[in-house]
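Q: Here it is, the structure, as C-alpha cells.
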Amino acid sequence: MGQDFDPSRIEKFAEKLGLISNRSTDTPKQRQGQSDRVTPAGIDGLSSYPDPEKWNDWTEYESSGEPRDYSVVPTACFNCEAGCGLLTYIDKETGDIRKIEGNPEHPGSRGRNCAKGPATINQLNDPERIKYPLKRDGPRGSGQWKRISWEEALDDIASEMRETILDERENEITYHVGRPGHEEYMDRVIDAWGLDGHNSHTNICSAGARAGYGLWHKYDRPSADFANADFILLLSAHLESGHYFNPHAQRIMEGVMEGGELAVLDPRLSNTAAMANYWLPSQPGSEAAVLLAMANVIIDEGMYDREFMESWVNWQQFLEEKHPDREVTFETYIEVLQEIYADFTPEYAEAESGVDAEKIRKIGRKIGKAGNQFASHIWRSAASGNKGGWQVSRTLHFLSVLTGSVGTEGGTSPNAWHKFDPELPNEPPRQKLWDEMQLPEEWPFGHYEMSQLLPYFLKEGRGKLSVYFTRVFNPVYTYPDGFSWIEALTDEDKVGMHVALTPTWNETAYFADYVLPMGHSPERHDIQSQETHAGTWVTYRQPVHREYAEREGENIDRTYEANPGEVWEEDEFWLDLSWKVDEDGELGIREYFESPYRDGDGDEPVKMTIDEYYRYIFENEDKLVELAEEKDMTPLEYMKHHGAFEASTNDYEIHEEPLDESVLEEDDVWVDDYGTIRRGEEPEYYSEVDGSDVLGVMVDGEPKRGFPTPTGKQQFYSKTMEEWGWDDDKYTLPHYIKSHVHPEEIDYHEDEMVFVPTFRLPTQIHSRSSNSKYLEEISHNNPVWIHTKDAARLGVETGDLVRVETDIGYFVNEAWVTESIKPGIIAMSHHMGQWKIDREDVDTDSKEGGDPYGKVTVDLDNEQNQWGMRQTEGIKPFESTDPDSERVWWNDGGVAQNLTHAPHPDPISGMHCWHQHVTVIPAKEDDYYGDVYVDTDKSMEIYREWKEDTKPAPGPNKLRRPKWLKRPVAPPTEDGQDDAWYVDGPVGRPDKWDVDRGSDYAGSSSAAGDDD
C-alpha cells in the first residue's frame, strides 16, 4: 500500500514519542474515521487552547507578566470557502478583540488555520473600512456620497422593490452573490419574494467542474476522503492554495503520512506539486486525454472494479441505445470500452500533454491498485480554463467509477453526502418564475446562472434591472472584461438601482447607488457546512461583540448596535427589508418572516428575530439537541458557546442504503429493464424527459437508494445529452474535447503563448485582501511566470516588463523567469491588481476609501469604448489610528489582468473559459507597469462568436433545461406547477419523440430526485 518508506533518525525518534504515526513497520495502516484523529487540543496532556468550559472567563498573561482577562467567543472564518473555526479573544477591560486563532471544537479545521484566518483582525481594524450606510450624492461613479440612516436605506430600497413586484416586473430584481457563506438563507428569502432573482459567481469559478460531475450523478461537487486514501490525484494546487485549503491540506498530509501517494496534474510547479510524489506538467487543456489514457490502462489491464460497475453504471442503457446490434452483457460493455478508448494510449496522451507516457502508465496502474481507496479532486484548474473543460472533471470521475471508489472510505463521495441540510422556519413554496437574463435559452446545461454575460445581455436589450443587489461580489475586478461591467452599471436605463452590500470599498461599489456596510466574519450570523471529509459538520458564524455584550447582560436588538459604527449584517438586513417591502401583508411576503414562537397582540404579526431563526434550525437537529442536553444547554446556547458540532461521521456508500421493500408493492411503482425503481406511468418508450420519478435501484434483488439520476445509477452514457442534440461520443460519454488553447491554435513562432491566469495564492482572498496588512505584506504582486527558454527567446530577465496582448487589449507586467512552468505557457495569480480611482478633486462629506494596504491609484480613460488604465500612485505609508500604517514598506499592488480577458462562455457548461491565447512581447517604449487597455466592442464580438456554438432551448417537450440537473432556487418540477420550465408551456407526453431538434417536442418530466 503506497510508497516504500525509509524514515530518518529524527522521524524514528518522533515515532517513538508518538508525535507522528509509525510508518516503519510492515503492518498495513489502520483505517480510522475522522473523529478519531488527534486534535491540537489534546496532545500528551498539553493544551494549545483554553478549555471550552472556561471560555466565558479566561486569563492569559502578557509578556510583561501581567494577567489579562478575556471572554473567548467562537465564530467562523469567511476568508475562503472552507468556513474554518475561529476563536476571538475579547479583552474584558476594553471590549476589543485582542487576537484571533483557531477553534479546536470545529470538526473541519480542528483548531488549525491558514494565514487568512488570524488576518481577520486586520479586516476588523481596517482604518478605512465603511462604517455607515452611504447614498450617492452625484452622478453614478462620480465618487460623491452622503451618509444616511439604515431606515432611509430600507425605505427607499423597499419602495422600489414593492413597485417592481406590483408591476409584475419581478425578474428585474436580482441578488448577485460572490461568496455566500451560509446554508439556504437567501434561497428562502428569494422564494418568499416570489421571484427568480438568484445570481452567483459560479460561471467564473466552478461551472465546468460542476457540469462534468453533474452529468455523472447530479451531485456537482466532490468530497474526497484524503486521509484514508492510498492514492490521491489533484488537478491544480489544492494542498497549498486551492479548494478548502486548510481542512483539505490537513487530511492530504495525513493520508501521505500514513503511506499514501500524491500526484498533481498542473502545468505550473505549485507548492503542492513540489511536495508530491509525481508532478505531471501538462499542456493546458490536455488533461482529459491524460486521464483517459490512465482509464485505458485500468480497463486493458483488468484493474477495474467489476462488482461496482456492473451494479452501479448505466452500461445496459448505453449498449441498448448506442450498440443495439450487440449482446447486452457486462463483458460486451468492457469490449466496447476498449474499442472507444483504444486510441487514448499513454503515448497519445504524451503527444497531447507533454507528460511522459511511462509516467502516465505508472500512475494509471497505481490508481487501479489503490482501487476503492483512490481519492481525487478538481475545482477551478483545467475545468474552468478550457472550452470543454467539463470533460476534465467527467473523465476524472471516470477513474473513480472504474476503481469503485465512489463514496468509499479513502475514495471520493458526492458533496451532498457531507453537507448539512437545515430545516428552515416558515419555509415558503418555491418561486414559479424563470429569469432568462440569468438562465437564457442558449445555455440549457449551464451550471449555473450566466452571470459573466450580464453586461452583454443588458447591452443586447434582453431586459433591465430595477433593483440590483451585489453582495460579497466585485465583478468589475473579478470578472472578465470589467470595463463592460462599468459601462452597464453606469447606464441608469439598464440598471435602475444598484445596492452594494460590502464590508469594504471595491471596484464595483464605486458604481453603486447605495453602499451598505456589512460585517466581516466576527460581525454577522451564518451557518456553514462544507465537504471537508467523510462526515457532516455545521459551524455557527456569529457577531462576537453582540454575543459578548449579551453575556455581560446587555440587551441588543439589532447587530449594528454592537458592531463598530453602524456595521450591520445581511441576515437581519434581509429580514427587515422583506418585512418593509410587505408591511401590510398584501404581497404574501411578510408571513414568511413572522416569529415561529411568538404571537402578537390581536391580529398583529410579530417579526422573527435572528435568534429565533437559528434557534429553530438548531432545535430541529437531533444530534445537536442531544449534545446540548448533555451540557445542560439549549441547542442555540450550545452553538453560541462552542461554535460548531459534528452531525455525522464516516458517511460512506450512502447509495447502498436499503429501501423499504414495501415500496415495490405500491400500485404505481415499477422496475424497468435496467433495475431502476420508478413511480408513475410506464411509457412505451423511455426518455429522460419521462414523467416517472426514480425511487432507487434493484441490486442483487434488493432495493437500494441509488443516485439522483434518470437511471438511479452513475451515468457513463448521458442520454440527456443525446436527447438535447449533443449526440456525438465527445459529449454523451467521458471524452476529450480539444481546448480553444490547444497547440494547434497557437503559433509559437510569432510570440503566441497560452496564458493560465487561474492559480491562487494561499495568502490572498480573491478581491478581499487589500484591507489586510498581514496578507498584503506577504503577497502584494502577481508577476508573469515565464519559462527560461521563452524568456531567452524574448530577451527578457526577471523584473523586465512584458506586454501581454489578449483578444481585446493588453496589460503590462513584470516577468518572473522560472523553470517552474512549461515552455510556451505563462501564468499569473488571479489575486492582486486592485485599484481605486483618484478622487482628490471630489468635494463630498463621505470619501471613498481605497484599502491603502493593497489598492493602487489609477486614472481611467474611455473614448468610444476604448478603455485605458494607468497607475498613478502605488502603495505607500499613511497616517491612521493604526501605527503600522506608517510602516508600510511595499509600493507594488500588482496588475489587474482580468480586465483584459474576453468572454469565453463554454457552449455546454456556460463556464467562462479563463485560459487565453495571447501574444507576449517585451514592453514598448511608452508602456508603464500596470498599464491596461481594452476595446469593449471587440469583447461584444467575441461573446457573440462563442454564443454561436451553443444549441439553445427548447429541448425535448419544449423544456428550457433538463429538469433532473441542478439549478439554484429552482421553480417547482411537479406536474401542474412546472410551467416555468417550458419555453411555451408544457404539452402532452408522447410515447416517443423525434430526435430532430427542428421538430415539436411533447411530453412532461419531473426531476429524478430532489435537489441536494
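A note on labels: chains of the C-alpha cells are A, B, ... as shown, every chain counts residues from 1, and ligands are counted from 1 in their shown order.
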Set the distance at 8 Å and use only C-alpha atoms: which residues neighbour range 419-434 of chain A once local chain neighbours fewer than 6 positions away are removed? I'd like the list as a ChimeraX atom specification.

A: /A:171,183-184,188,190-196,529-531,536-538,591-594,596,613,616-617,620-621,647,969-972,977-981

Q: Write down as number ranges by chain the residues belonging to range 538-602 of chain A that are assigned helix (DSSP H, G or I) by DSSP computed on the backbone.

A: A: 544-551, 559-561, 570-581, 590-593

Q: Given only C-alpha atoms as the basis, pick out the residue of A:Ile527, A:Ile610, A:Leu234, A:Ala274 nearest to Cys77 in chain A.

A: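 That would be A:Ile527, the residue with the smallest distance to Cys77 in chain A.
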
Q: Determine the nearest neighbour of Lys116 in chain A from the options A:Leu624, A:Leu775, A:Ala153, A:Ile677, counting only C-alpha atoms.

A: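 Selected residue with least distance to Lys116 in chain A: A:Leu775.
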
Q: Run DSSP on the backbone and give me the residues of range 89-286 of chain A it puts in strand (DSSP E), as a short mmCIF file (atom, residue, chain, number, x, y, z; two decimals) with N, CA and C atoms, in the first residue's frame.

A:
```
data_model
loop_
_atom_site.label_atom_id
_atom_site.label_comp_id
_atom_site.auth_asym_id
_atom_site.auth_seq_id
_atom_site.Cartn_x
_atom_site.Cartn_y
_atom_site.Cartn_z
N TYR A 89 -10.68 36.55 21.02
CA TYR A 89 -10.36 36.85 22.41
C TYR A 89 -10.71 38.31 22.68
N ILE A 90 -11.81 38.51 23.38
CA ILE A 90 -12.30 39.86 23.64
C ILE A 90 -11.80 40.32 25.01
N ASP A 91 -11.03 41.40 25.00
CA ASP A 91 -10.47 41.97 26.22
C ASP A 91 -11.59 42.51 27.10
N ILE A 97 -11.37 43.12 20.38
CA ILE A 97 -10.84 41.81 20.02
C ILE A 97 -9.32 41.93 20.00
N ARG A 98 -8.68 41.17 20.86
CA ARG A 98 -7.22 41.28 21.00
C ARG A 98 -6.49 40.36 20.03
N LYS A 99 -7.05 39.17 19.81
CA LYS A 99 -6.41 38.25 18.88
C LYS A 99 -7.46 37.26 18.38
N ILE A 100 -7.11 36.57 17.29
CA ILE A 100 -7.99 35.56 16.69
C ILE A 100 -7.15 34.33 16.39
N GLU A 101 -7.64 33.14 16.78
CA GLU A 101 -6.97 31.90 16.46
C GLU A 101 -8.00 30.82 16.16
N GLY A 102 -7.57 29.60 15.93
CA GLY A 102 -8.47 28.54 15.53
C GLY A 102 -9.32 28.00 16.66
N LEU A 134 -24.25 54.59 3.06
CA LEU A 134 -23.96 55.72 2.18
C LEU A 134 -24.87 55.68 0.96
N LYS A 135 -25.25 56.88 0.49
CA LYS A 135 -26.03 57.02 -0.73
C LYS A 135 -25.28 57.97 -1.65
N ARG A 136 -25.29 57.67 -2.92
CA ARG A 136 -24.56 58.55 -3.84
C ARG A 136 -25.20 59.92 -3.87
N TRP A 145 -20.70 60.96 -2.18
CA TRP A 145 -21.53 60.17 -1.28
C TRP A 145 -21.99 61.00 -0.10
N LYS A 146 -23.09 60.59 0.50
CA LYS A 146 -23.54 61.19 1.75
C LYS A 146 -24.01 60.10 2.69
N ARG A 147 -23.81 60.35 3.96
CA ARG A 147 -24.22 59.37 4.96
C ARG A 147 -25.72 59.45 5.19
N ILE A 173 -35.57 42.26 -10.39
CA ILE A 173 -34.88 42.30 -9.10
C ILE A 173 -33.89 41.14 -9.08
N THR A 174 -32.62 41.44 -8.86
CA THR A 174 -31.58 40.42 -8.87
C THR A 174 -30.68 40.57 -7.67
N TYR A 175 -30.46 39.45 -7.01
CA TYR A 175 -29.48 39.35 -5.91
C TYR A 175 -28.28 38.61 -6.46
N HIS A 176 -27.13 39.25 -6.47
CA HIS A 176 -25.93 38.68 -7.10
C HIS A 176 -24.86 38.52 -6.03
N VAL A 177 -24.46 37.27 -5.78
CA VAL A 177 -23.57 36.98 -4.67
C VAL A 177 -22.26 36.39 -5.17
N HIS A 198 -32.01 34.90 -8.04
CA HIS A 198 -30.69 34.48 -7.54
C HIS A 198 -29.67 34.48 -8.66
N ASN A 199 -28.54 35.12 -8.43
CA ASN A 199 -27.43 35.09 -9.37
C ASN A 199 -26.15 34.85 -8.57
N PRO A 222 -17.23 17.25 -5.62
CA PRO A 222 -16.66 16.06 -4.99
C PRO A 222 -16.37 16.29 -3.51
N SER A 223 -16.32 15.21 -2.75
CA SER A 223 -15.90 15.23 -1.36
C SER A 223 -14.92 14.08 -1.16
N ALA A 224 -13.65 14.39 -1.21
CA ALA A 224 -12.61 13.36 -1.18
C ALA A 224 -12.22 13.01 0.25
N PHE A 231 -4.05 6.48 -2.86
CA PHE A 231 -3.51 7.30 -3.94
C PHE A 231 -4.41 8.51 -4.12
N ILE A 232 -3.78 9.69 -4.22
CA ILE A 232 -4.50 10.95 -4.37
C ILE A 232 -4.06 11.61 -5.67
N LEU A 233 -5.02 12.00 -6.48
CA LEU A 233 -4.72 12.73 -7.72
C LEU A 233 -5.42 14.08 -7.66
N LEU A 234 -4.63 15.15 -7.72
CA LEU A 234 -5.15 16.51 -7.68
C LEU A 234 -4.89 17.19 -9.01
N LEU A 235 -5.89 17.88 -9.51
CA LEU A 235 -5.70 18.75 -10.66
C LEU A 235 -5.63 20.17 -10.14
N GLU A 261 0.13 7.98 -1.60
CA GLU A 261 0.94 8.73 -2.56
C GLU A 261 0.10 9.84 -3.17
N LEU A 262 0.80 10.87 -3.65
CA LEU A 262 0.16 12.07 -4.17
C LEU A 262 0.72 12.40 -5.54
N ALA A 263 -0.20 12.65 -6.49
CA ALA A 263 0.18 13.11 -7.83
C ALA A 263 -0.57 14.40 -8.13
N VAL A 264 0.09 15.32 -8.83
CA VAL A 264 -0.51 16.61 -9.17
C VAL A 264 -0.38 16.84 -10.66
N LEU A 265 -1.51 17.13 -11.30
CA LEU A 265 -1.56 17.39 -12.75
C LEU A 265 -1.76 18.89 -12.92
N TYR A 278 4.53 12.72 -7.57
CA TYR A 278 4.56 12.84 -9.02
C TYR A 278 3.98 14.19 -9.45
N TRP A 279 4.77 14.91 -10.24
CA TRP A 279 4.27 16.13 -10.87
C TRP A 279 4.09 15.84 -12.35
N LEU A 280 2.90 16.09 -12.87
CA LEU A 280 2.58 15.88 -14.27
C LEU A 280 2.33 17.23 -14.92
#
```

Q: When you look at Pro50 in chain A with a cut-off of 12 Å (counting only C-alpha atoms), what residues show up, excluding the ones that are within fewer than 4 positions of it in the same chain? I need them as a PyMOL selection string.

A: chain A and resi 40-42+46+54-60+70-73+87-89+101-105+111

Q: Grab the residues selected above and save them as a PDB file, in the first residue's frame with C-alpha atoms.

A:
```
ATOM      1  CA  PRO A  40      -4.241  20.050  18.679  1.00  0.00           C
ATOM      2  CA  ALA A  41      -6.095  20.433  21.956  1.00  0.00           C
ATOM      3  CA  GLY A  42      -5.185  17.021  23.341  1.00  0.00           C
ATOM      4  CA  LEU A  46      -0.526  19.593  26.689  1.00  0.00           C
ATOM      5  CA  LYS A  54     -13.507  28.402  30.664  1.00  0.00           C
ATOM      6  CA  TRP A  55     -14.209  30.469  27.554  1.00  0.00           C
ATOM      7  CA  ASN A  56     -16.507  32.883  29.352  1.00  0.00           C
ATOM      8  CA  ASP A  57     -13.773  33.812  31.810  1.00  0.00           C
ATOM      9  CA  TRP A  58     -10.249  33.145  30.569  1.00  0.00           C
ATOM     10  CA  THR A  59      -6.995  34.687  31.769  1.00  0.00           C
ATOM     11  CA  GLU A  60      -3.734  34.866  29.827  1.00  0.00           C
ATOM     12  CA  TYR A  70     -10.785  37.570  28.142  1.00  0.00           C
ATOM     13  CA  SER A  71     -14.156  36.390  27.027  1.00  0.00           C
ATOM     14  CA  VAL A  72     -13.472  33.848  24.267  1.00  0.00           C
ATOM     15  CA  VAL A  73     -16.245  33.828  21.637  1.00  0.00           C
ATOM     16  CA  LEU A  87     -11.888  31.948  18.415  1.00  0.00           C
ATOM     17  CA  THR A  88     -11.962  35.660  19.167  1.00  0.00           C
ATOM     18  CA  TYR A  89     -10.362  36.847  22.413  1.00  0.00           C
ATOM     19  CA  GLU A 101      -6.967  31.897  16.458  1.00  0.00           C
ATOM     20  CA  GLY A 102      -8.470  28.539  15.526  1.00  0.00           C
ATOM     21  CA  ASN A 103     -11.402  26.844  17.226  1.00  0.00           C
ATOM     22  CA  PRO A 104     -10.490  23.278  18.352  1.00  0.00           C
ATOM     23  CA  GLU A 105     -14.204  22.436  18.586  1.00  0.00           C
ATOM     24  CA  GLY A 111      -8.231  24.285  15.617  1.00  0.00           C
TER      25      GLY A 111
END
```

Q: Please identify every residue of range 445-480 of chain A that has at least one atom no farther than 7 Å from an atom of range 500-517 of chain A, counting only C-alpha atoms, and for each give the shortest atom pair and the distance in Å to one decimal, arranged by chain then increasing number, as a tab-separated table.

A:
```
residue	atom	partner	partner_atom	distance
A:Phe469	CA	A:Ala500	CA	5.9
A:Thr470	CA	A:Ala500	CA	4.9
A:Arg471	CA	A:Leu501	CA	4.8
A:Val472	CA	A:Thr502	CA	5.8
A:Asn474	CA	A:Thr508	CA	5.3
A:Pro475	CA	A:Thr508	CA	6.4
A:Val476	CA	A:Thr508	CA	5.3
A:Tyr477	CA	A:Glu507	CA	6.1
```

Q: Excluding Lys131 in chain A and residues on its chain fewer than 3 positions from it, collect all residues at most 7 Å away from it, counting only C-alpha atoms, and give them as a compact mmCIF listing (two decimals) with C-alpha atoms, in the first residue's frame.

A:
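Once written, part.txt looks like this:
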```txt
# COMPACT_ATOMS: atom_id res chain seq x y z
CA PRO A 517 -21.58 48.29 5.29
CA PRO A 564 -18.30 49.21 15.02
CA GLY A 565 -20.13 52.31 13.76
CA GLU A 566 -23.37 51.04 12.25
CA VAL A 567 -21.96 47.99 10.50
```

Q: To one decimal place, how far is CA of Ile837 in chain A from CA of Tyr928 in chain A in Å?

A: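 A separation of 17.5 Å between them.
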
Q: Using only C-alpha atoms, which residue out of A:Gly181, A:Gly868, A:Pro734, A:Pro267 lies closest to Gly83 in chain A?

A: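 Closest to Gly83 in chain A of all the choices is A:Gly181.
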
Q: Which residues come within 7 Å of range 800-813 of chain A, counting only C-alpha atoms, excluding same-chain residues fewer than 2 positions away, as number ranges by chain?

A: A: 783-784, 796-798, 815, 895, 897, 900-902, 917-923, 927-935, 938-939

Q: Using the selection just defined, write its residues with N, CA and C atoms as a CSV table (one decimal), in the first residue's frame.

A:
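Output below, filename result25.csv:
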```
chain,number,residue,atom,x,y,z
A,783,PRO,N,3.5,38.7,-10.6
A,783,PRO,CA,4.3,38.8,-11.9
A,783,PRO,C,3.9,37.7,-12.9
A,784,VAL,N,4.3,37.8,-14.1
A,784,VAL,CA,4.1,36.8,-15.1
A,784,VAL,C,5.2,35.8,-15.0
A,796,VAL,N,14.2,38.8,-22.3
A,796,VAL,CA,13.8,39.4,-21.0
A,796,VAL,C,14.4,38.6,-19.8
A,797,GLU,N,14.5,39.3,-18.7
A,797,GLU,CA,15.0,38.8,-17.5
A,797,GLU,C,14.0,39.1,-16.4
A,798,THR,N,14.2,38.4,-15.3
A,798,THR,CA,13.3,38.7,-14.1
A,798,THR,C,13.3,40.2,-13.8
A,815,ALA,N,8.1,40.4,-15.5
A,815,ALA,CA,8.4,38.9,-15.7
A,815,ALA,C,9.0,38.3,-14.5
A,895,VAL,N,-1.1,43.8,-10.9
A,895,VAL,CA,-1.7,44.2,-12.1
A,895,VAL,C,-3.0,43.6,-12.3
A,897,GLN,N,-5.2,42.0,-14.3
A,897,GLN,CA,-5.2,41.2,-15.6
A,897,GLN,C,-6.6,40.9,-16.1
A,900,THR,N,-8.6,42.5,-19.0
A,900,THR,CA,-8.2,42.3,-20.5
A,900,THR,C,-8.7,41.0,-21.0
A,901,HIS,N,-9.5,40.2,-20.2
A,901,HIS,CA,-10.0,38.9,-20.7
A,901,HIS,C,-11.3,39.1,-21.5
A,902,ALA,N,-11.3,38.5,-22.7
A,902,ALA,CA,-12.6,38.4,-23.4
A,902,ALA,C,-13.5,37.4,-22.8
A,917,HIS,N,-5.5,32.8,-25.3
A,917,HIS,CA,-4.5,32.8,-26.4
A,917,HIS,C,-3.9,34.2,-26.5
A,918,VAL,N,-2.6,34.4,-26.2
A,918,VAL,CA,-2.0,35.7,-26.0
A,918,VAL,C,-0.8,35.8,-26.9
A,919,THR,N,-0.4,37.0,-27.1
A,919,THR,CA,1.0,37.3,-27.7
A,919,THR,C,1.8,38.0,-26.6
A,920,VAL,N,3.0,37.6,-26.3
A,920,VAL,CA,3.8,38.1,-25.3
A,920,VAL,C,5.1,38.8,-26.0
A,921,ILE,N,5.3,40.0,-25.7
A,921,ILE,CA,6.4,40.7,-26.3
A,921,ILE,C,7.0,41.6,-25.2
A,922,PRO,N,8.3,42.0,-25.3
A,922,PRO,CA,8.9,43.0,-24.4
A,922,PRO,C,8.0,44.3,-24.4
A,923,ALA,N,8.0,44.9,-23.3
A,923,ALA,CA,7.2,46.2,-23.2
A,923,ALA,C,7.7,47.2,-24.2
A,927,ASP,N,5.2,52.0,-22.6
A,927,ASP,CA,4.5,51.2,-21.7
A,927,ASP,C,5.0,51.4,-20.3
A,928,TYR,N,4.1,51.4,-19.3
A,928,TYR,CA,4.4,51.5,-17.9
A,928,TYR,C,3.8,50.3,-17.2
A,929,TYR,N,4.5,50.0,-16.1
A,929,TYR,CA,4.0,48.9,-15.2
A,929,TYR,C,2.5,49.1,-14.9
A,930,GLY,N,1.7,48.1,-15.1
A,930,GLY,CA,0.3,48.2,-14.7
A,930,GLY,C,-0.6,48.7,-15.7
A,931,ASP,N,-0.1,49.2,-16.9
A,931,ASP,CA,-1.0,49.7,-17.9
A,931,ASP,C,-2.0,48.7,-18.4
A,932,VAL,N,-3.2,49.1,-18.7
A,932,VAL,CA,-4.2,48.2,-19.2
A,932,VAL,C,-4.9,49.0,-20.3
A,933,TYR,N,-5.2,48.2,-21.4
A,933,TYR,CA,-6.0,48.8,-22.5
A,933,TYR,C,-7.0,47.7,-22.9
A,934,VAL,N,-8.3,48.1,-23.2
A,934,VAL,CA,-9.3,47.2,-23.6
A,934,VAL,C,-10.3,47.9,-24.5
A,935,ASP,N,-10.7,47.1,-25.5
A,935,ASP,CA,-11.7,47.5,-26.5
A,935,ASP,C,-13.0,46.7,-26.2
A,938,LYS,N,-14.9,44.9,-29.2
A,938,LYS,CA,-14.3,43.6,-29.5
A,938,LYS,C,-14.8,42.5,-28.6
A,939,SER,N,-14.9,42.9,-27.3
A,939,SER,CA,-15.4,42.0,-26.3
A,939,SER,C,-16.8,41.5,-26.7
```

Q: For range 758-818 of chain A versus range 374-381 of chain A, which residues have an atom no more than 10 Å away, and what is each residue's nearest atom pair and distance in Å rounded to one decimal, using only C-alpha atoms, chain-then-number order, as CSV?

A:
```
residue,atom,partner,partner_atom,distance
A:Thr758,CA,A:Ser381,CA,6.6
A:Phe759,CA,A:Ser381,CA,7.3
A:Arg760,CA,A:Arg380,CA,9.9
```

Q: Identify which of the residues A:Thr329, A:Gln283, A:Ser149, A:Asn203 lies closest to Gly354 in chain A, counting only C-alpha atoms when measuring atom-to-atom distances.

A: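 Comparing A:Thr329, A:Gln283, A:Ser149, A:Asn203 against Gly354 in chain A, the winner is A:Gln283.
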
Q: So which residues touch Asn122 in chain A within 8 Å, counting only C-alpha atoms, skipping near sequence neighbours fewer than 2 positions away, as a list in words?

A: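 These residues fall inside the cut-off: Ala119, Thr120, Leu124, Asn125, Asp126, Asn771, Ser772, Lys773 and Tyr774 of chain A.
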
Q: Counting only C-alpha atoms, what is within 12 Å of Asp838 in chain A, bar same-chain residues fewer than 5 positions away, as a PyMOL selection string?

A: chain A and resi 141-143+510+847-850+855-860+869-874

Q: Pick from A:Ile299, A:Asn781, A:Gly680, A:Gln864: nearest to Thr763 in chain A, with only C-alpha atoms counted?

A: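 Looking at the shortest contact to Thr763 in chain A, the residue is A:Asn781.
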
Q: With distances taken over only C-alpha atoms, which of A:Leu489, A:Leu166, A:Ala349, A:Leu761 is nearest to Pro139 in chain A?

A: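 So, comparing all the options, the nearest one is A:Leu489.
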
Q: Take CA of Asp668 in chain A and CA of His655 in chain A and report the distance between them in Å, one decimal.

A: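 Straight-line distance from CA of Asp668 in chain A to CA of His655 in chain A works out to 22.8 Å.
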